[in-house]
Amino acid sequence: MAEPKENNKKYVTLVDHQSGKSIDLPVLSGSIGPDVIDIRKLYAETGYFTYDPGFTSTGSCQSEITYIDGDAGILTHRGYSIEDLTEHCTYMEVAYLLLNGELPNQAEKDDFERTITYHTMVHEQLLNFYRGFRRDAHPMAILVGVVGALSSFYHDSTDINDPTQRMIASHRLIAKLPTIAAMAYKYSVGQPFIYPRNDLTYAEDFLHMTFSVPAEDYQISPTVARAMDRIFILHADHEQNASTSTVRLAGSSGANPFACIASGISSLWGPAHGGANEAVLNMLAEIGHKKNIPEFLEKAKDKNDPFRLMGFGHRVYKNHDPRAKVLKKSADDVLNELGVSDPLLDLARELEQIALKDDYFVERKLFPNVDFYSGVILKAIGFPTSMFTVLFALARTTGWIAQWNEMITDPTQKIGRPRQLFTGHGERAFVPIDKR
């Protein structure tokens with residue numbers, strides 16, 4: 001990993017006006033993006049910690065994988081724009097890029113795809129895990145449990161100090177997540193598990209394992225498969241978000257990769273993180289009918305009203321979500337091909353058109369984001385909303401694995417140990433129970 005360029009002539013001086021002492025903190029520069037203040041020696045030299053709830057102003061690591069400029073609406077992986085990657089690459093090529101740092105040539109691509117395909121089967125005994133869950137168990141609960149259990153089956157790839165074992169574990173996780181996710185769906189609807197097929201692409205195989213049944217052939221739509229592949233690409237990695245930071249933090253303790261990815265899935269399960277596209281469908285259900293759209297738009301503009309227009313705007317992207325434009329085309333293609341008659345999908349299209357012309361939303365750049373369109377696509381394909389976050393986790397596994405590998409090989413990384421601002425009691429005299 002390349003070291004950030006340190007400019008020895010540039011410092012930020014911190015002055016303690018109470019004691020009159022000062023400290024010069026070096027400023028580090030990355031290849032692009034804002035400079036950072038190196039505070040590693042702050043406590044040792046001043047006795048102070050920083051206070052940053054949510055770590056939104058703290059750089060926890062150095063990384064070469066993903067870069068986001070939220071103000072400009074830019075998302076790149078290893079320097080390549082997300083627009084170019086979704087237009088010209090498959091998810092497998094992007095996975096290779098995230099893991100290895102460069103796009104594959106044809107031979108490398110073929111070899112990587114063969115390797116992933118080889119690992120798509122899961123241990124037959126793993127099927128017994130599913131029978132231990134209630135039929136109405138949330139698929140994310142199943143995913144957390146089963147992925148965490150993988151370490152009990154694959155002892156030959158849990159030594160994080162062995163680069164070969166790390167890569168085998170990486171391939172296994174990327175390959176087996178679609179199988180595990182599809183099995184979680186099948187279990188929830190009472191259908192038999194469908195085994196992977198080596199003649200299908202990554203996205204095609206996932207659709208086959210999810211929707212086919214033994215009684216008849218399942219016809220895979222190229223349009224749907226391409227849309228699925230694009231959803232995977234657009235969710236593959238997104239810098240140091242909550243779940244990625246969780247994976248890195250778990251990995252910093254030396255935990256095995258399967259446990260680390262299970263921790264990321266748990267973090268993603270939160271509605272504030274991975275549940276946004278599910279929230280879009282719930283919002284549409286709340287609106288209920290096209291005639292109610294004006295009323296709910298007014299509610300969204302009212303700061304005193306708890307209603308929020310889900311799927312519009314983004315916490316990181318202040319201008320536009322670069323992923324949304326790509327997925328809008330896929331949403332149009334899928335809806336046109338499938339010709340699905342669904343009041344919620346009709347409502348989504350109507351809401352999109354009205355909001356895009358509303359001055360309030362236009363002026364505030366509250367445009368439909370990736371969650372809006374992914375929710376529409378997944379609903380049209382036939383996924384229940386409970387599977388939306390599962391698909392997010394499936395796609396994000398590649399990014400988590402790439403970030404985990406980078407963290408393991410970073411010589412500056414230490415076990416995560418955030419500090420706190422303690423506001424509780426000072427030391428108190430113990431009171432015996434008969435005197436309390």
# chains A, B, ... in the order shown; residues from 1 in each chain; ligands from 1
>>> residues_around(residues="A:Arg40", least_positions_apart="2", cutoff="10 Å", atoms="only C-alpha atoms", output="VMD selection string")
chain A and resid 25 to 26 37 to 38 42 to 45 49
>>> write_last_selection(atoms="N, CA, C and O atoms", output="JSON list (two decimals), in the first residue's frame")
[["chain", "number", "residue", "atom", "x", "y", "z"],
["A", 25, "LEU", "N", 0.66, 19.61, 14.78],
["A", 25, "LEU", "CA", 0.16, 18.34, 14.27],
["A", 25, "LEU", "C", 0.40, 18.29, 12.75],
["A", 25, "LEU", "O", -0.02, 19.20, 12.03],
["A", 26, "PRO", "N", 1.10, 17.27, 12.26],
["A", 26, "PRO", "CA", 1.38, 17.19, 10.83],
["A", 26, "PRO", "C", 0.11, 17.01, 10.00],
["A", 26, "PRO", "O", -0.85, 16.39, 10.45],
["A", 37, "ILE", "N", -5.47, 15.77, 9.36],
["A", 37, "ILE", "CA", -4.58, 16.12, 10.47],
["A", 37, "ILE", "C", -4.22, 14.84, 11.21],
["A", 37, "ILE", "O", -5.10, 14.10, 11.65],
["A", 38, "ASP", "N", -2.94, 14.57, 11.33],
["A", 38, "ASP", "CA", -2.46, 13.37, 12.01],
["A", 38, "ASP", "C", -2.48, 13.61, 13.52],
["A", 38, "ASP", "O", -1.66, 14.38, 14.05],
["A", 42, "LEU", "N", -1.57, 12.97, 19.71],
["A", 42, "LEU", "CA", -2.27, 14.03, 20.43],
["A", 42, "LEU", "C", -2.38, 13.73, 21.92],
["A", 42, "LEU", "O", -2.04, 14.58, 22.75],
["A", 43, "TYR", "N", -2.85, 12.54, 22.27],
["A", 43, "TYR", "CA", -3.04, 12.24, 23.69],
["A", 43, "TYR", "C", -1.71, 12.17, 24.43],
["A", 43, "TYR", "O", -1.58, 12.69, 25.55],
["A", 44, "ALA", "N", -0.71, 11.56, 23.81],
["A", 44, "ALA", "CA", 0.59, 11.41, 24.46],
["A", 44, "ALA", "C", 1.22, 12.76, 24.77],
["A", 44, "ALA", "O", 1.89, 12.93, 25.79],
["A", 45, "GLU", "N", 0.99, 13.74, 23.90],
["A", 45, "GLU", "CA", 1.67, 15.03, 24.07],
["A", 45, "GLU", "C", 0.80, 16.09, 24.74],
["A", 45, "GLU", "O", 1.31, 17.10, 25.22],
["A", 49, "PHE", "N", -8.10, 13.77, 24.11],
["A", 49, "PHE", "CA", -8.62, 12.98, 22.99],
["A", 49, "PHE", "C", -9.47, 13.92, 22.14],
["A", 49, "PHE", "O", -9.82, 15.02, 22.58]]
>>> residues_around(residues="A:Arg78", least_positions_apart="3", cutoff="7 Å", atoms="only C-alpha atoms", output="list in words")
Glu64, Ile65, Thr66 and Gly101 of chain A
>>> write_last_selection(atoms="N, CA, C and O atoms", output="mmCIF file, in the first residue's frame")
data_model
loop_
_atom_site.group_PDB
_atom_site.id
_atom_site.type_symbol
_atom_site.label_atom_id
_atom_site.label_comp_id
_atom_site.auth_asym_id
_atom_site.auth_seq_id
_atom_site.Cartn_x
_atom_site.Cartn_y
_atom_site.Cartn_z
ATOM 1 N N GLU A 64 -6.947 2.594 -0.720
ATOM 2 C CA GLU A 64 -6.772 2.836 -2.158
ATOM 3 C C GLU A 64 -7.952 2.312 -2.969
ATOM 4 O O GLU A 64 -7.880 2.261 -4.197
ATOM 5 N N ILE A 65 -9.032 1.931 -2.300
ATOM 6 C CA ILE A 65 -10.087 1.182 -2.993
ATOM 7 C C ILE A 65 -11.153 2.088 -3.593
ATOM 8 O O ILE A 65 -11.341 2.129 -4.808
ATOM 9 N N THR A 66 -11.877 2.820 -2.756
ATOM 10 C CA THR A 66 -13.038 3.593 -3.212
ATOM 11 C C THR A 66 -12.909 5.046 -2.785
ATOM 12 O O THR A 66 -12.511 5.336 -1.659
ATOM 13 N N GLY A 101 -6.865 -4.591 -7.505
ATOM 14 C CA GLY A 101 -6.346 -3.258 -7.809
ATOM 15 C C GLY A 101 -6.367 -2.874 -9.265
ATOM 16 O O GLY A 101 -6.241 -1.699 -9.600
#
>>> closest_residue(among="A:Arg428, A:Lys41, A:Lys414, A:Arg349", to="A:Ser253", atoms="only C-alpha atoms")
A:Lys414
>>> residues_around(residues="A:Pro163", least_positions_apart="6", cutoff="10 Å", atoms="only C-alpha atoms", output="list in words")
Ser157, Ala169, Asn405, Ile408 and Thr409 of chain A
>>> write_last_selection(atoms="C-alpha atoms", output="PDB file, in the first residue's frame")
ATOM      1  CA  SER A 157      -8.925 -20.632   5.140  1.00  0.00           C
ATOM      2  CA  ALA A 169     -11.587 -17.266   2.012  1.00  0.00           C
ATOM      3  CA  ASN A 405      -7.710  -7.631   2.950  1.00  0.00           C
ATOM      4  CA  ILE A 408      -4.889  -6.905   7.238  1.00  0.00           C
ATOM      5  CA  THR A 409      -1.889  -5.877   5.126  1.00  0.00           C
TER       6      THR A 409
END
>>> residues_around(residues="A:Thr246", least_positions_apart="2", cutoff="7 Å", atoms="only C-alpha atoms", output="list in words")
Ala242, Ser243, Thr244, Arg248, Leu249, Ala250, Ser263, Gly264 and Ser267 of chain A
>>> closest_atom_pairs(of="stretch 332-416 of chain A", to="stretch 187-192 of chain A", cutoff="12 Å", atoms="only C-alpha atoms", output="CSV")
residue,atom,partner,partner_atom,distance
A:Phe383,CA,A:Val189,CA,11.5
A:Pro384,CA,A:Val189,CA,10.4
A:Ser386,CA,A:Ser188,CA,10.1
A:Met387,CA,A:Ser188,CA,10.2
>>> write_last_selection(atoms="N, CA, C and O atoms", output="tab-separated table (two decimals), in the first residue's frame")
chain	number	residue	atom	x	y	z
A	383	PHE	N	-38.88	-9.99	-5.88
A	383	PHE	CA	-38.30	-10.18	-4.55
A	383	PHE	C	-39.21	-9.56	-3.49
A	383	PHE	O	-39.68	-8.43	-3.66
A	384	PRO	N	-39.45	-10.26	-2.38
A	384	PRO	CA	-40.15	-9.63	-1.27
A	384	PRO	C	-39.24	-8.59	-0.62
A	384	PRO	O	-38.00	-8.69	-0.71
A	386	SER	N	-38.36	-8.20	2.31
A	386	SER	CA	-37.45	-8.77	3.31
A	386	SER	C	-36.13	-9.24	2.71
A	386	SER	O	-35.15	-9.43	3.42
A	387	MET	N	-36.09	-9.41	1.38
A	387	MET	CA	-34.87	-9.86	0.71
A	387	MET	C	-34.01	-8.70	0.22
A	387	MET	O	-32.86	-8.91	-0.20
>>> closest_residue(among="A:Ser330, A:Ser31, A:Gln18, A:Thr397", to="A:Leu173", atoms="only C-alpha atoms")
A:Thr397
>>> residues_around(residues="A:Arg226", least_positions_apart="4", cutoff="10 Å", atoms="only C-alpha atoms", output="ChimeraX atom specification")
/A:86,90-91,203-204,221-222,230-232,330,333-334
>>> closest_atom_pairs(of="stretch 259-317 of chain A", to="stretch 373-379 of chain A", cutoff="12 Å", atoms="only C-alpha atoms", output="Markdown table")
| residue | atom | partner | partner_atom | distance |
| --- | --- | --- | --- | --- |
| A:Gly274 | CA | A:Gly375 | CA | 11.7 |
| A:Gly275 | CA | A:Gly375 | CA | 10.1 |
| A:Ala276 | CA | A:Gly375 | CA | 8.5 |
| A:Asn277 | CA | A:Gly375 | CA | 4.8 |
| A:Glu278 | CA | A:Gly375 | CA | 6.4 |
| A:Ala279 | CA | A:Gly375 | CA | 8.6 |
| A:Val280 | CA | A:Gly375 | CA | 6.6 |
| A:Leu281 | CA | A:Gly375 | CA | 6.6 |
| A:Asn282 | CA | A:Gly375 | CA | 10.1 |
| A:Met283 | CA | A:Gly375 | CA | 11.1 |
| A:Leu284 | CA | A:Val376 | CA | 10.3 |
| A:Met310 | CA | A:Gly375 | CA | 10.7 |
| A:Gly311 | CA | A:Tyr373 | CA | 8.1 |
| A:Phe312 | CA | A:Tyr373 | CA | 10.1 |
>>> write_last_selection(atoms="C-alpha atoms", output="PDB file, in the first residue's frame")
ATOM      1  CA  GLY A 274     -29.136  -1.197   4.380  1.00  0.00           C
ATOM      2  CA  GLY A 275     -32.885  -0.863   4.662  1.00  0.00           C
ATOM      3  CA  ALA A 276     -33.337   2.255   2.547  1.00  0.00           C
ATOM      4  CA  ASN A 277     -34.735   0.539  -0.551  1.00  0.00           C
ATOM      5  CA  GLU A 278     -37.126  -1.430   1.627  1.00  0.00           C
ATOM      6  CA  ALA A 279     -38.189   1.874   3.200  1.00  0.00           C
ATOM      7  CA  VAL A 280     -39.033   3.155  -0.304  1.00  0.00           C
ATOM      8  CA  LEU A 281     -41.577   0.374  -0.799  1.00  0.00           C
ATOM      9  CA  ASN A 282     -43.027   0.936   2.670  1.00  0.00           C
ATOM     10  CA  MET A 283     -43.371   4.646   1.869  1.00  0.00           C
ATOM     11  CA  LEU A 284     -45.166   3.877  -1.399  1.00  0.00           C
ATOM     12  CA  MET A 310     -37.677   7.945   1.152  1.00  0.00           C
ATOM     13  CA  GLY A 311     -35.383   7.300  -1.809  1.00  0.00           C
ATOM     14  CA  PHE A 312     -34.834  10.983  -2.593  1.00  0.00           C
TER      15      PHE A 312
END
>>> residues_around(residues="A:Thr50", least_positions_apart="2", cutoff="10 Å", atoms="only C-alpha atoms", output="JSON, numbers by chain")
{"A": [39, 42, 43, 48, 52, 53, 55, 58, 418, 419, 420, 421]}
>>> residues_around(residues="A:Pro322", least_positions_apart="3", cutoff="8 Å", atoms="only C-alpha atoms", output="ChimeraX atom specification")
/A:73-75,82-83,325-326
>>> write_last_selection(atoms="C-alpha atoms", output="mmCIF file, in the first residue's frame")
data_model
loop_
_atom_site.group_PDB
_atom_site.id
_atom_site.type_symbol
_atom_site.label_atom_id
_atom_site.label_comp_id
_atom_site.auth_asym_id
_atom_site.auth_seq_id
_atom_site.Cartn_x
_atom_site.Cartn_y
_atom_site.Cartn_z
ATOM 1 C CA GLY A 73 -21.463 13.384 -7.165
ATOM 2 C CA ILE A 74 -18.384 11.258 -7.850
ATOM 3 C CA LEU A 75 -17.874 7.585 -6.981
ATOM 4 C CA ILE A 82 -18.943 3.987 -11.390
ATOM 5 C CA GLU A 83 -20.589 5.059 -14.658
ATOM 6 C CA LYS A 325 -28.853 7.586 -13.362
ATOM 7 C CA VAL A 326 -27.416 4.192 -14.236
#
>>> closest_residue(among="A:Ser63, A:Ser29, A:Gln353, A:Gln413", to="A:His238", atoms="only C-alpha atoms")
A:Ser63
>>> select_by_dssp(residues="stretch 171-300 of chain A", states="alpha helix (DSSP H)", output="ChimeraX atom specification")
/A:171-189,202-211,222-234,242-252,257-268,276-287,293-300
>>> atom_distance(atom1="atom CA of A:Asn128", atom2="atom CA of A:Thr179")
14.6 Å
>>> atom_distance(atom1="atom CA of A:Ala255", atom2="atom CA of A:Ser60")
18.4 Å
>>> closest_residue(among="A:Ile354, A:Ile401, A:Leu268, A:Leu347", to="A:Ala285", atoms="only C-alpha atoms")
A:Leu347
